[in-house]
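Below: final.txt (compact mmCIF, C-alpha atoms)
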# COMPACT_ATOMS: atom_id res chain seq x y z
CA MET Y 1 -15.89 12.83 9.07
CA ALA Y 2 -17.73 12.74 12.39
CA LYS Y 3 -20.82 14.25 10.85
CA SER Y 4 -20.96 11.81 7.94
CA LYS Y 5 -24.51 11.05 6.89
CA ILE Y 6 -23.79 8.06 4.67
CA SER Y 7 -25.63 4.82 5.36
CA MET Y 8 -24.09 1.84 7.17
CA ALA Y 9 -24.02 -0.13 3.92
CA GLN Y 10 -22.03 2.63 2.23
CA GLU Y 11 -19.77 2.79 5.30
CA PHE Y 12 -18.95 -0.89 4.74
CA ALA Y 13 -18.72 -0.69 0.94
CA LYS Y 14 -16.28 2.22 0.85
CA GLY Y 15 -13.50 -0.01 2.21
CA LEU Y 16 -14.06 -2.52 -0.57
CA TRP Y 17 -13.52 -0.15 -3.47
CA LYS Y 18 -13.80 3.64 -3.18
CA GLU Y 19 -11.42 3.91 -0.21
CA ASN Y 20 -9.80 0.49 -0.52
CA PRO Y 21 -6.80 0.59 1.84
CA ILE Y 22 -4.37 -0.95 -0.65
CA LEU Y 23 -5.63 0.07 -4.08
CA ARG Y 24 -6.87 3.60 -3.29
CA MET Y 25 -4.94 4.68 -0.17
CA VAL Y 26 -1.81 2.53 -0.72
CA LEU Y 27 -1.54 1.68 2.98
CA GLY Y 28 -0.15 -1.52 4.43
CA THR Y 29 1.82 -2.40 1.32
CA CYS Y 30 4.60 -4.11 3.29
CA PRO Y 31 2.56 -7.17 4.34
CA THR Y 32 0.75 -7.04 0.98
CA LEU Y 33 3.98 -7.45 -0.95
CA ALA Y 34 5.58 -9.90 1.45
CA VAL Y 35 2.93 -12.52 2.24
CA THR Y 36 1.05 -12.89 -1.05
CA THR Y 37 3.29 -15.68 -2.32
CA SER Y 38 0.29 -18.02 -2.13
CA ALA Y 39 -3.47 -17.68 -1.81
CA ILE Y 40 -3.65 -19.33 1.62
CA ASN Y 41 -0.97 -16.99 3.02
CA GLY Y 42 -2.82 -13.95 1.71
CA VAL Y 43 -6.15 -15.05 3.18
CA SER Y 44 -4.64 -16.00 6.56
CA MET Y 45 -2.99 -12.60 6.78
CA GLY Y 46 -6.30 -10.95 5.81
CA LEU Y 47 -8.22 -12.86 8.50
CA ALA Y 48 -5.69 -11.83 11.15
CA VAL Y 49 -6.09 -8.19 10.08
CA ILE Y 50 -9.92 -8.45 10.09
CA PHE Y 51 -9.80 -9.70 13.69
CA THR Y 52 -7.27 -7.10 14.85
CA LEU Y 53 -8.89 -4.14 13.12
CA VAL Y 54 -12.48 -4.92 14.15
CA MET Y 55 -11.57 -5.62 17.79
CA SER Y 56 -9.29 -2.56 18.05
CA SER Y 57 -11.90 -0.27 16.47
CA LEU Y 58 -14.54 -1.61 18.85
CA ILE Y 59 -12.44 -0.94 21.95
CA ILE Y 60 -11.04 2.41 20.79
CA SER Y 61 -14.50 3.60 19.82
CA LEU Y 62 -15.85 2.58 23.25
CA LEU Y 63 -13.01 4.41 24.99
CA ARG Y 64 -12.92 7.42 22.66
CA LYS Y 65 -14.33 9.84 25.28
CA ILE Y 66 -11.91 8.69 28.04
CA ILE Y 67 -8.64 8.60 26.08
CA PRO Y 68 -6.80 11.91 26.51
CA ASN Y 69 -5.69 13.42 23.21
CA GLU Y 70 -2.04 13.57 24.29
CA VAL Y 71 -1.63 9.82 24.76
CA ARG Y 72 -4.07 8.60 22.12
CA ILE Y 73 -1.45 7.07 19.79
CA ALA Y 74 0.20 5.23 22.70
CA THR Y 75 -3.18 3.89 23.83
CA PHE Y 76 -4.08 2.81 20.28
CA ILE Y 77 -0.82 0.92 19.97
CA VAL Y 78 -1.29 -0.88 23.31
CA VAL Y 79 -4.80 -1.97 22.28
CA ILE Y 80 -3.72 -3.00 18.77
CA ALA Y 81 -0.65 -4.87 20.06
CA THR Y 82 -2.82 -6.80 22.51
CA PHE Y 83 -5.14 -8.08 19.78
CA VAL Y 84 -2.27 -8.82 17.41
CA THR Y 85 -0.60 -10.92 20.12
CA VAL Y 86 -3.89 -12.73 20.74
CA ALA Y 87 -4.13 -13.51 17.00
CA ASP Y 88 -0.46 -14.49 16.72
CA ARG Y 89 -0.46 -16.86 19.71
CA THR Y 90 -3.78 -18.43 18.70
CA ILE Y 91 -2.53 -19.13 15.17
CA ALA Y 92 0.74 -20.53 16.57
CA ALA Y 93 -1.20 -22.82 18.92
CA TYR Y 94 -3.86 -24.11 16.52
CA TYR Y 95 -2.43 -23.61 13.00
CA PRO Y 96 1.35 -24.11 13.36
CA GLU Y 97 1.79 -24.55 9.58
CA ILE Y 98 0.27 -21.14 8.78
CA SER Y 99 2.20 -19.57 11.63
CA LYS Y 100 5.42 -20.95 10.17
CA SER Y 101 4.77 -19.66 6.65
CA LEU Y 102 3.66 -16.18 7.74
CA GLY Y 103 6.62 -15.89 10.09
CA PRO Y 104 7.16 -12.40 11.51
CA PHE Y 105 4.38 -10.79 9.48
CA ILE Y 106 1.62 -11.54 11.99
CA PRO Y 107 3.38 -9.70 14.87
CA LEU Y 108 4.12 -6.91 12.37
CA ILE Y 109 0.39 -6.14 12.02
CA VAL Y 110 1.00 -3.96 15.11
CA VAL Y 111 2.66 -1.39 12.87
CA ASN Y 112 0.32 -1.93 9.91
CA CYS Y 113 -0.71 1.58 8.93
CA ILE Y 114 -4.24 0.50 7.96
CA VAL Y 115 -5.02 -0.50 11.54
CA LEU Y 116 -3.55 2.63 13.14
CA ALA Y 117 -5.01 4.90 10.45
CA ARG Y 118 -8.56 3.64 11.05
CA GLN Y 119 -8.22 4.31 14.79
CA GLU Y 120 -6.86 7.81 14.26
CA ALA Y 121 -9.13 8.78 11.37
CA PHE Y 122 -12.34 6.99 12.27
CA ALA Y 123 -12.82 4.91 15.43
CA SER Y 124 -11.65 7.69 17.77
CA LYS Y 125 -14.28 10.07 16.34
CA ASN Y 126 -17.30 7.88 15.55
CA PRO Y 127 -19.86 5.81 17.47
CA VAL Y 128 -19.22 2.12 18.12
CA GLY Y 129 -21.51 0.58 15.49
CA ARG Y 130 -20.24 2.79 12.69
CA SER Y 131 -16.61 2.18 13.71
CA VAL Y 132 -17.02 -1.59 13.65
CA ILE Y 133 -18.71 -1.47 10.22
CA ASP Y 134 -15.93 0.79 8.93
CA ALA Y 135 -13.25 -1.55 10.32
CA LEU Y 136 -15.00 -4.56 8.79
CA GLY Y 137 -15.22 -2.89 5.37
CA MET Y 138 -11.60 -1.79 5.39
CA SER Y 139 -10.22 -5.15 6.52
CA VAL Y 140 -12.40 -7.14 4.12
CA GLY Y 141 -11.23 -4.83 1.31
CA PHE Y 142 -7.64 -5.53 2.39
CA THR Y 143 -8.30 -9.29 2.48
CA LEU Y 144 -9.88 -9.31 -1.01
CA VAL Y 145 -6.83 -7.61 -2.53
CA LEU Y 146 -4.56 -10.11 -0.73
CA LEU Y 147 -6.69 -12.99 -1.99
CA VAL Y 148 -6.51 -11.81 -5.61
CA MET Y 149 -2.78 -11.11 -5.41
CA GLY Y 150 -1.98 -14.36 -3.61
CA SER Y 151 -4.05 -16.45 -6.05
CA PHE Y 152 -2.50 -14.78 -9.10
CA ARG Y 153 1.07 -15.16 -7.84
CA GLU Y 154 0.52 -18.76 -6.79
CA LEU Y 155 -1.07 -19.53 -10.17
CA MET Y 156 1.77 -17.96 -12.14
CA GLY Y 157 4.61 -19.10 -9.90
CA ASN Y 158 3.43 -22.60 -9.15
CA GLY Y 159 0.46 -23.42 -11.40
CA THR Y 160 -1.84 -23.87 -8.40
CA VAL Y 161 -4.43 -21.91 -6.40
CA PHE Y 162 -4.98 -22.96 -2.75
CA ALA Y 163 -2.64 -25.87 -3.60
CA HIS Y 164 -5.07 -27.14 -6.28
CA GLN Y 165 -3.47 -27.73 -9.66
CA ILE Y 166 -5.10 -25.33 -12.14
CA MET Y 167 -2.58 -25.07 -14.94
CA PRO Y 168 -1.76 -28.13 -17.07
CA LEU Y 169 1.23 -30.07 -15.77
CA SER Y 170 3.26 -28.94 -18.79
CA PHE Y 171 2.91 -25.31 -17.59
CA GLN Y 172 6.32 -23.78 -16.99
CA PRO Y 173 6.07 -21.81 -13.71
CA TRP Y 174 6.75 -18.10 -14.08
CA MET Y 175 9.07 -17.96 -11.11
CA ALA Y 176 9.62 -14.19 -11.14
CA ILE Y 177 5.96 -13.60 -10.22
CA ALA Y 178 6.32 -15.70 -7.05
CA LEU Y 179 9.50 -13.83 -6.08
CA GLN Y 180 9.81 -10.25 -4.86
CA PRO Y 181 9.79 -8.50 -8.28
CA GLY Y 182 6.48 -10.21 -9.04
CA ALA Y 183 4.97 -8.72 -5.87
CA PHE Y 184 5.76 -5.18 -7.03
CA LEU Y 185 4.65 -5.87 -10.60
CA THR Y 186 1.35 -7.44 -9.54
CA LEU Y 187 0.52 -4.67 -7.06
CA GLY Y 188 1.53 -2.01 -9.58
CA PHE Y 189 -0.73 -3.46 -12.27
CA MET Y 190 -3.62 -3.84 -9.82
CA ILE Y 191 -3.38 -0.21 -8.72
CA GLY Y 192 -3.03 0.85 -12.35
CA LEU Y 193 -6.10 -1.15 -13.30
CA SER Y 194 -8.19 0.33 -10.49
CA ASN Y 195 -7.06 3.86 -11.49
CA TRP Y 196 -8.00 3.11 -15.10
CA ILE Y 197 -11.46 1.83 -14.12
CA ILE Y 198 -12.12 4.90 -11.98
CA ALA Y 199 -10.85 7.31 -14.66
CA LYS Y 200 -13.02 5.57 -17.23
CA GLY Y 201 -16.04 5.82 -14.93
CA LYS Y 202 -15.54 9.57 -14.53
CA ARG Y 203 -15.33 10.22 -18.28
CA VAL Y 204 -18.69 8.59 -19.04
CA MET B 1 -9.43 15.77 37.36
CA ASN B 2 -5.80 16.78 37.12
CA LYS B 3 -4.78 16.55 33.47
CA SER B 4 -1.45 14.77 33.84
CA LEU B 5 -2.91 12.39 36.41
CA ARG B 6 -5.55 11.43 33.86
CA LEU B 7 -2.87 10.75 31.21
CA VAL B 8 -1.03 8.42 33.57
CA LEU B 9 -4.21 6.73 34.75
CA VAL B 10 -5.68 5.94 31.32
CA LEU B 11 -2.44 4.63 29.88
CA THR B 12 -1.62 2.57 32.98
CA LEU B 13 -5.08 1.05 33.07
CA THR B 14 -4.93 0.15 29.38
CA ALA B 15 -1.52 -1.46 29.83
CA VAL B 16 -2.59 -3.41 32.93
CA LEU B 17 -5.73 -4.68 31.22
CA SER B 18 -3.74 -5.68 28.18
CA GLY B 19 -1.26 -7.50 30.43
CA VAL B 20 -4.03 -9.44 32.14
CA ILE B 21 -5.60 -10.48 28.82
CA LEU B 22 -2.26 -11.66 27.46
CA ALA B 23 -1.34 -13.53 30.64
CA VAL B 24 -4.64 -15.45 30.53
CA LEU B 25 -4.22 -16.15 26.82
CA ASN B 26 -0.67 -17.39 27.39
CA MET B 27 -1.92 -19.85 29.99
CA TYR B 28 -4.07 -21.50 27.34
CA THR B 29 -1.84 -21.28 24.28
CA ALA B 30 1.69 -21.81 25.67
CA PRO B 31 1.27 -25.54 26.43
CA ARG B 32 -0.21 -26.11 22.97
CA ILE B 33 2.58 -24.21 21.22
CA GLU B 34 5.16 -26.25 23.12
CA LEU B 35 3.26 -29.43 22.26
CA ASN B 36 3.35 -28.48 18.57
CA ALA B 37 7.10 -27.90 18.71
CA ASN B 38 7.69 -31.23 20.47
CA LYS B 39 5.43 -33.04 18.02
CA THR B 40 7.32 -31.58 15.04
CA LEU B 41 10.63 -32.68 16.57
CA SER B 42 9.51 -36.19 17.49
CA GLU B 43 7.98 -36.67 14.03
CA ALA B 44 11.26 -35.55 12.49
CA ILE B 45 13.21 -37.98 14.69
CA GLY B 46 10.87 -40.80 13.67
CA TYR B 47 11.51 -39.83 10.04
CA VAL B 48 15.31 -39.81 10.17
CA LEU B 49 15.59 -42.86 12.43
CA PRO B 50 13.17 -45.49 11.07
CA GLY B 51 12.41 -48.21 13.60
CA ASN B 52 12.78 -45.81 16.51
CA GLN B 53 10.44 -46.82 19.34
CA LYS B 54 11.72 -44.77 22.22
CA CYS B 55 14.27 -42.07 22.13
CA ASP B 56 16.89 -41.16 24.74
CA VAL B 57 18.07 -37.57 24.84
CA LYS B 58 21.66 -37.00 25.82
CA VAL B 59 23.36 -33.62 25.98
CA VAL B 60 27.15 -33.54 25.58
CA ASP B 61 29.01 -30.21 25.40
CA ASP B 62 25.89 -28.29 24.27
CA VAL B 63 25.12 -30.82 21.53
CA THR B 64 21.87 -32.74 21.94
CA PHE B 65 21.93 -36.33 20.72
CA TYR B 66 18.67 -38.16 20.13
CA ILE B 67 19.47 -41.84 20.52
CA GLY B 68 16.77 -43.92 18.88
CA LYS B 69 16.15 -47.44 20.19
CA ASP B 70 13.87 -50.20 18.94
CA ALA B 71 11.48 -52.22 21.11
CA GLN B 72 14.30 -54.50 22.33
CA GLY B 73 16.40 -51.53 23.43
CA LYS B 74 18.87 -51.93 20.60
CA ILE B 75 20.21 -48.62 19.24
CA VAL B 76 18.90 -48.03 15.71
CA GLY B 77 20.64 -44.73 15.18
CA VAL B 78 21.68 -41.35 16.47
CA ALA B 79 20.17 -38.04 15.40
CA PHE B 80 21.36 -34.48 15.97
CA VAL B 81 20.59 -31.03 14.64
CA ALA B 82 23.12 -29.51 12.23
CA GLU B 83 22.87 -25.75 12.02
CA GLY B 84 24.54 -23.15 9.85
CA ASP B 85 24.13 -20.35 7.34
CA GLY B 86 22.57 -21.03 3.98
CA PHE B 87 22.33 -18.57 1.09
CA GLN B 88 20.11 -16.08 2.89
CA SER B 89 18.83 -17.81 6.01
CA ARG B 90 19.81 -20.00 8.92
CA LEU B 91 19.42 -23.69 8.08
CA LYS B 92 18.52 -26.32 10.66
CA ILE B 93 18.84 -29.89 9.50
CA LEU B 94 18.16 -33.02 11.52
CA VAL B 95 20.68 -35.71 10.62
CA GLY B 96 20.05 -39.36 11.48
CA MET B 97 23.10 -41.65 11.46
CA ASP B 98 23.88 -45.28 12.16
CA PRO B 99 25.19 -46.04 15.69
CA ALA B 100 28.81 -46.19 14.45
CA MET B 101 28.42 -42.74 12.84
CA THR B 102 29.80 -43.89 9.50
CA LYS B 103 26.65 -43.63 7.40
CA ILE B 104 23.76 -41.20 7.12
CA ILE B 105 20.38 -42.93 7.42
CA LYS B 106 18.13 -39.97 6.55
CA ILE B 107 18.10 -36.22 6.91
CA LYS B 108 15.29 -33.71 7.29
CA VAL B 109 15.35 -29.93 6.85
CA LEU B 110 13.74 -28.52 10.00
CA SER B 111 13.80 -24.84 9.14
CA GLN B 112 14.97 -22.69 6.27
CA ALA B 113 13.96 -19.44 4.58
CA GLU B 114 15.92 -19.66 1.35
CA THR B 115 14.93 -17.99 -1.94
CA PRO B 116 11.36 -19.14 -2.73
CA GLY B 117 11.32 -21.42 -5.75
CA LEU B 118 15.09 -21.89 -5.86
CA GLY B 119 16.79 -22.46 -2.51
CA THR B 120 13.58 -23.84 -0.97
CA LYS B 121 14.09 -26.90 -3.17
CA ILE B 122 16.49 -28.20 -0.48
CA GLU B 123 13.29 -29.01 1.46
CA SER B 124 10.83 -29.71 -1.34
CA ASP B 125 10.88 -29.19 -5.11
CA PRO B 126 7.36 -28.96 -6.56
CA THR B 127 8.73 -28.50 -10.10
CA ASN B 128 10.10 -32.04 -10.06
CA LYS B 129 6.96 -34.02 -10.80
CA THR B 130 8.49 -37.46 -10.15
CA ASP B 131 9.89 -36.75 -6.69
CA ALA B 132 9.62 -33.38 -4.95
CA LEU B 133 12.00 -34.55 -2.23
CA TRP B 134 14.76 -35.62 -4.63
CA PHE B 135 17.42 -33.28 -3.26
CA HIS B 136 17.48 -34.31 0.36
CA LYS B 137 16.83 -37.96 -0.56
CA GLN B 138 20.31 -37.99 -2.10
CA PHE B 139 21.64 -38.02 1.46
CA PHE B 140 19.75 -41.19 2.38
CA ASP B 141 22.05 -44.18 3.05
CA LEU B 142 25.04 -42.09 2.12
CA SER B 143 28.48 -43.02 3.39
CA ALA B 144 29.88 -40.37 5.70
CA SER B 145 33.40 -41.82 6.06
CA ASN B 146 34.68 -39.08 3.76
CA PRO B 147 33.26 -35.55 3.47
CA ILE B 148 30.32 -35.28 1.09
CA THR B 149 31.00 -33.25 -2.05
CA VAL B 150 28.68 -31.33 -4.39
CA VAL B 151 28.84 -31.76 -8.16
CA LYS B 152 27.06 -29.79 -10.85
CA GLY B 153 26.70 -30.27 -14.57
CA LYS B 154 27.34 -34.01 -14.31
CA THR B 155 25.69 -36.98 -12.67
CA ALA B 156 26.53 -37.47 -9.01
CA ASP B 157 28.18 -40.74 -8.05
CA LYS B 158 26.64 -41.95 -4.82
CA SER B 159 29.45 -44.40 -4.05
CA GLN B 160 31.83 -41.41 -4.03
CA ALA B 161 29.54 -39.54 -1.58
CA GLN B 162 28.60 -37.01 -4.23
CA ILE B 163 25.46 -34.84 -4.23
CA GLN B 164 23.86 -33.28 -7.29
CA ALA B 165 23.44 -29.50 -6.83
CA ILE B 166 20.08 -27.80 -7.44
CA THR B 167 20.05 -25.74 -10.63
CA GLY B 168 19.94 -22.07 -9.60
CA ALA B 169 20.67 -22.84 -5.97
CA THR B 170 24.26 -24.03 -5.92
CA ILE B 171 25.05 -22.04 -2.76
CA SER B 172 22.08 -23.49 -0.86
CA SER B 173 23.00 -27.00 -2.03
CA LYS B 174 26.60 -26.53 -0.97
CA ALA B 175 25.55 -24.99 2.36
CA VAL B 176 23.44 -28.05 3.23
CA THR B 177 26.37 -30.33 2.43
CA ASP B 178 28.92 -28.22 4.30
CA ILE B 179 26.71 -27.90 7.37
CA ILE B 180 26.16 -31.67 7.46
CA ASN B 181 29.89 -32.40 6.91
CA ALA B 182 30.93 -30.04 9.71
CA ALA B 183 28.33 -31.35 12.13
CA ILE B 184 29.24 -34.98 11.46
CA ALA B 185 32.97 -34.32 11.87
CA LYS B 186 32.39 -32.52 15.16
CA ASN B 187 29.72 -34.77 16.59
CA ARG B 188 31.25 -38.12 15.63
CA THR B 189 34.18 -37.85 18.07
CA LEU B 190 31.92 -36.23 20.65
CA TYR B 191 29.38 -39.04 20.49
CA LEU B 192 31.77 -41.98 20.19
CA ASN B 193 33.99 -40.75 23.03
CA LYS B 194 31.51 -39.29 25.48
CA ALA B 195 27.89 -40.09 24.83
CA LYS B 196 28.01 -43.74 23.98

What is this structure when it is put down as structure tokens?
Amino acid sequence: MAKSKISMAQEFAKGLWKENPILRMVLGTCPTLAVTTSAINGVSMGLAVIFTLVMSSLIISLLRKIIPNEVRIATFIVVIATFVTVADRTIAAYYPEISKSLGPFIPLIVVNCIVLARQEAFASKNPVGRSVIDALGMSVGFTLVLLVMGSFRELMGNGTVFAHQIMPLSFQPWMAIALQPGAFLTLGFMIGLSNWIIAKGKRV
Amino acid sequence: MNKSLRLVLVLTLTAVLSGVILAVLNMYTAPRIELNANKTLSEAIGYVLPGNQKCDVKVVDDVTFYIGKDAQGKIVGVAFVAEGDGFQSRLKILVGMDPAMTKIIKIKVLSQAETPGLGTKIESDPTNKTDALWFHKQFFDLSASNPITVVKGKTADKSQAQIQAITGATISSKAVTDIINAAIAKNRTLYLNKAK
């Protein structure tokens, strides 16, 4: 991985599709399933992860030559936890409504495997610029999946997207999609669809 | 450098730096977070006690009473937080009552995490296009002389202090009613005997 010769643009793009953290690597499914009850929740969660992942990758990449191998995971967690707390307190101070609806899931980004995995697999072995681009690609890929899932579940469960009425008022909300079973069904179909598209691409 | 010394040094430095960053951040955000919480509470008090101009806070036996007064200093009502278990979460409901504690003026659900789309209707019901707040509005101007009861499958009679249950969320509906009944029964004697 350290000797990768792919361009910066490819480094960014791989997180969006080819190595998408949710669809291809199936990491961080806990927040994905839990917070995508509405589009705004999904996007807020995504933004918090973008901030945490980019900042953590930046710092870890800067410190990669100083951090002893034996305590690397502990150091990663301290750095990640710091940025998660910064994000959590800032949201609580300036966007109390979002903070209330995301509840414990912002603090739980600390144990989000996407964030830790990028430090272990990438930022601790690559130069700063490349690490930040990688972190950006991965977290934007995560956010896009959350946006699609949140919008779909809000549309089906409530007839709205970002609280705008999309469906006709006579639309009978499909409550199961907004509840927990709908989270698993939606994610399952999205992973299935991405597998199908990739398999189809290989056959051609 | 000694290997184990380096381990201790790097980890300690990271932790200290992190501590400093968080302490500075807390200095800026803590007052705002507290302000938000106070604002939410004072808005809720204004909601359940219409006509409230200034509010006295009185604590009796661990129960906090918010005594709302109008511009002339006349008591418009008393509010307190009723708390208890719902179907799957802790419910906190602010109850506003008349000064004699015989009638509910208004209530407001402060916090709940009931089943999305079913139990959450105790706070707001987006599927009811005429009035999303229909459930908790049933408690407005409701007599509290006798315990409030929940009915389902038939129309609730307000003069009998009856509340219509939410379809699919009978337990949440009953929990709200039970919590309010218990809090009123407990707080009425407390307020009339000690806080008045």

Problem set entry | Test item: chain B residues at most 6 Å from chain Y, counting all atoms listed in the file, as JSON, numbers by chain | {"B": [18, 29, 32, 33]}

Problem set entry | Nearby residues, (-10.9, -13.3, 12.0) file frame, 12 Å, all atoms listed in the file, as a ChimeraX atom specification | /Y:43-55,83-84,86-88,90-91,136,139-140,143

Exercise. Expressed in Å to a single decimal, how great is the separation between atom CA of B:Lys108 and atom CA of Y:Ala39?
Worked result: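 Answer for the atom CA of B:Lys108 to atom CA of Y:Ala39 separation: 26.3 Å.
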
Problem set entry | Surrounding residues of Y:Asn20 excluding itself and chain neighbours under 5 positions, 12 Å, only C-alpha atoms, as a ChimeraX atom specification | /Y:11-15,25-28,114,134-146,190-191,194-195

For this session: Work out how far atom CA of Y:Gly150 is from atom CA of Y:Gln10, in Å to one decimal.
Result: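 Taking atom CA of Y:Gln10 as the start and atom CA of Y:Gly150 as the end point, the length is 26.9 Å.
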
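Residue nearest B:Met101 within the list B:Ser145, B:Gln162, B:Gln53, B:Thr177: B:Ser145 [criterion: smallest interatomic distance, all atoms listed in the file].
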
Exercise. With all atoms listed in the file as the basis for distance, which of B:Ile184, B:Leu17, B:Ile93, B:Leu5 is at the shortest distance from B:Gln112?
Worked result: B:Ile93

For this session: Skip B:Ala113 itself and residues of its chain fewer than 3 positions away, then list as a list in words all residues within 10 Å of it, counting only C-alpha atoms.
Result: Ser101 and Gly103 of chain Y; Gly86, Phe87, Gln88, Ser89, Arg90, Leu91, Pro116, Gly119 and Thr120 of chain B

Exercise. Of the candidates Y:Asn126, Y:Leu16, Y:Ser151, Y:Ser56, which shows the shortest atom-to-atom distance to Y:Ala163, using only C-alpha atoms?
Worked result: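 Comparing Y:Asn126, Y:Leu16, Y:Ser151, Y:Ser56 against Y:Ala163, the winner is Y:Ser151.
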
Spatial sel., origin (16.9, -37.5, 11.0), limit 9 Å, all atoms listed in the file, listed as a PDB file with C-alpha atoms, in the frame of the given file:
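Below you can see result34.pdb, which holds the result:
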ATOM      1  CA  ALA B  44      11.260 -35.550  12.490  1.00  0.00           C
ATOM      2  CA  ILE B  45      13.210 -37.980  14.690  1.00  0.00           C
ATOM      3  CA  GLY B  46      10.870 -40.800  13.670  1.00  0.00           C
ATOM      4  CA  TYR B  47      11.510 -39.830  10.040  1.00  0.00           C
ATOM      5  CA  VAL B  48      15.310 -39.810  10.170  1.00  0.00           C
ATOM      6  CA  LEU B  49      15.590 -42.860  12.430  1.00  0.00           C
ATOM      7  CA  PRO B  50      13.170 -45.490  11.070  1.00  0.00           C
ATOM      8  CA  VAL B  78      21.680 -41.350  16.470  1.00  0.00           C
ATOM      9  CA  ALA B  79      20.170 -38.040  15.400  1.00  0.00           C
ATOM     10  CA  PHE B  80      21.360 -34.480  15.970  1.00  0.00           C
ATOM     11  CA  VAL B  81      20.590 -31.030  14.640  1.00  0.00           C
ATOM     12  CA  ILE B  93      18.840 -29.890   9.500  1.00  0.00           C
ATOM     13  CA  LEU B  94      18.160 -33.020  11.520  1.00  0.00           C
ATOM     14  CA  VAL B  95      20.680 -35.710  10.620  1.00  0.00           C
ATOM     15  CA  GLY B  96      20.050 -39.360  11.480  1.00  0.00           C
ATOM     16  CA  MET B  97      23.100 -41.650  11.460  1.00  0.00           C
ATOM     17  CA  ILE B 104      23.760 -41.200   7.120  1.00  0.00           C
ATOM     18  CA  ILE B 105      20.380 -42.930   7.420  1.00  0.00           C
ATOM     19  CA  LYS B 106      18.130 -39.970   6.550  1.00  0.00           C
ATOM     20  CA  ILE B 107      18.100 -36.220   6.910  1.00  0.00           C
ATOM     21  CA  LYS B 108      15.290 -33.710   7.290  1.00  0.00           C
ATOM     22  CA  VAL B 109      15.350 -29.930   6.850  1.00  0.00           C
TER      23      VAL B 109
END

Exercise. Please, what distance in Å, to one decimal, runs between atom CA of B:Ile75 and atom CA of B:Pro99?
Worked result: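 According to the coordinates, atom CA of B:Ile75 and atom CA of B:Pro99 are separated by 6.6 Å.
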
Around stretch 180-191 of chain B, fit a box with edges along x, y and z, padding it by 8 Å on each side, then list its centre and edge lengths in Å to one decimal as JSON.
{"center_x": 30.2, "center_y": -34.5, "center_z": 13.8, "size_x": 24.0, "size_y": 25.0, "size_z": 29.7}
